[in-house]
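See structure below.
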Amino acid sequence: MSNELIAAVITVSDRAFKDVYPDETGRQVSQLLNENHWEVIRSIILPDDQQLIEKTLLEYCDELLIPLVLTAGGTGFSPRDVTPDATRAVIERETPGLVVAMIHDNLPKTAHAMLSRQMAGIRKKSLIVNLPGSPKGAVEDLGVILPALPHAISLIRSDPDAEKGHRSV
Amino acid sequence: MSNELIAAVITVSDRAFKDVYPDETGRQVSQLLNENHWEVIRSIILPDDQQLIEKTLLEYCDELLIPLVLTAGGTGFSPRDVTPDATRAVIERETPGLVVAMIHDNLPKTAHAMLSRQMAGIRKKSLIVNLPGSPKGAVEDLGVILPALPHAISLIRSDPDAEKGHRSV
Amino acid sequence: MSNELIAAVITVSDRAFKDVYPDETGRQVSQLLNENHWEVIRSIILPDDQQLIEKTLLEYCDELLIPLVLTAGGTGFSPRDVTPDATRAVIERETPGLVVAMIHDNLPKTAHAMLSRQMAGIRKKSLIVNLPGSPKGAVEDLGVILPALPHAISLIRSDPDAEKGHRSV
């Protein structure tokens, strides 16, 4: 099994995109990934535009074949929060366990954990996970799922023609 | 941001609809809303009829523009429990965090918490949340999500043309 | 209300199907069901083939009318893990409370609980629940939902023409 700890980080924020403020969330997410031996080969800021988010997810999954694609931001209830909807549109298999784990961890901390619409799912050989937009929220949620991510990536990238858990003969 | 604490309560119950018993659940849900500074401008009892539930949800969301539309009842496993299915048919964006929060709170209390099929989601400028049918269950679940609802409504009703968190310039 | 504690157990595993190893998971799941007064009338091993899983689920639900259909295996992230996708294709009403209950129970034990894609739902008069593939995981998850299953089956099999909770007059 290959176990390539390679990731992309997509910050979704109208304001960060327009340089109203620096992308502190993307910076902290990438730093936490690096500290855990992940290489971040793409780091980009997008506005809250569903089509543009979908297009970028497709490029990262289908062309660049990046194993882990994290988004940060656009997961709330406002009309421009469309990151989960873009994610749902491109994933082939939902992975709700990752989402429940993050909500489960956040609920005791803040009632606003209920207002997350985070999605997670597999597209081809890539795992896409939505993180919230605040630096604190994004880093905490990433911390929750990090222990499971290397195994997740291994499984997703295992040989489909091999029987599960076996090399093909 | 507008912050209109205005709600509708839809009790879904064949028996309450036929006046077999009084709508204690709807009464207690409305009372808890009132105690928390919400105005309940519509309170209705419907039978377990999916089409009728959908029609009423559409009227409350699209014509009356009611910010919070709560249903109570019809969320279980029996063939006539169709409230979640009516809800799923009309919402545009799912809000699973609210549902996970309610289940999370109920699981330590009763194994039957597993048998809820509650849904929650956003349609246009309205938030729809399914509560269970028993007065105790409905009031407890509403108590779980109440702290997050004013902020939820503010976000949903924020100006889509404004950048998130900013007034448009 | 009828309360027929009758079940089928479908083990989904390429390796068990090819007799690479014995179906210990199916054996232990059936044993736990028996100890809790369920009769297991079908017990089968299938390869990780989505079409075949769907066909078998349809036969068990629509022709054999088995109240509880448990699957074990094929719920992970590898390309051949398709049991949840087969399940989603045949269920008519999702029952996410059962899934959240199992994840909720597993999260404190292992980070890999996040990597489950288990589904559960109702098709006609049958409840389908996905269990994980390991004997330990399957038995633990079944233990979590067992207390709610007899009531679940009663509700699903209650008379749709009767008002809920009443015999028809």
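Every chain in the structure tokens has a letter given in the order shown (A, B, ...), and although residue numbers restart at 1 in each chain, ligands are simply numbered from 1 in the order shown.
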Report task. With a distance threshold of 8 Å and counting only C-alpha atoms, extract the residues of chain C near chain A and express them as a count of residues only. Result -> 19
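Every residue of region 91-125 of chain A with a DSSP assignment of strand (DSSP E), taken from the backbone, is listed as Arg93, Glu94, Ala120, Gly121, Ile122 and Arg123 of chain A.
In this structure, CA of Leu57 (chain B) sits 15.4 Å away from CA of Ser13 (chain B).
When the distance limit is 7 Å and only C-alpha atoms are what count, the residues near Ile66 (chain C), minus those fewer than 3 positions from it on the same chain, are Ile6, Ala7, Ala8, Tyr60, Cys61, Val69 and Ser126 of chain C.
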Restrict the selected residues to N, CA and C atoms and save them as a tab-separated table (two decimals), in the first residue's frame.
chain	number	residue	atom	x	y	z
C	6	ILE	N	-36.80	-11.93	13.42
C	6	ILE	CA	-36.24	-12.78	12.37
C	6	ILE	C	-35.24	-11.96	11.57
C	7	ALA	N	-34.07	-12.55	11.33
C	7	ALA	CA	-32.98	-11.77	10.72
C	7	ALA	C	-32.25	-12.56	9.64
C	8	ALA	N	-31.55	-11.80	8.78
C	8	ALA	CA	-30.59	-12.37	7.84
C	8	ALA	C	-29.25	-11.71	8.09
C	60	TYR	N	-33.97	-10.39	-0.07
C	60	TYR	CA	-34.27	-10.58	1.35
C	60	TYR	C	-35.41	-9.67	1.81
C	61	CYS	N	-35.44	-8.43	1.27
C	61	CYS	CA	-36.48	-7.48	1.70
C	61	CYS	C	-37.80	-7.73	0.98
C	69	VAL	N	-32.19	-7.13	8.21
C	69	VAL	CA	-31.13	-7.60	7.31
C	69	VAL	C	-29.84	-6.89	7.70
C	126	SER	N	-38.59	-3.95	5.89
C	126	SER	CA	-37.31	-4.46	6.38
C	126	SER	C	-36.40	-3.32	6.81
Report task. Per DSSP on the backbone, filter region 11-155 of chain A down to the residues in helix (DSSP H, G or I) and report them as a PyMOL selection string. Result -> chain A and resi 14-17+24-35+50-63+83-90+96-106+111-115+135-155
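With only C-alpha atoms as the atoms that count, the residue of B:Arg123, B:Thr87, B:Thr11, B:Gly143 with the shortest distance to Thr25 (chain B) is B:Thr11.
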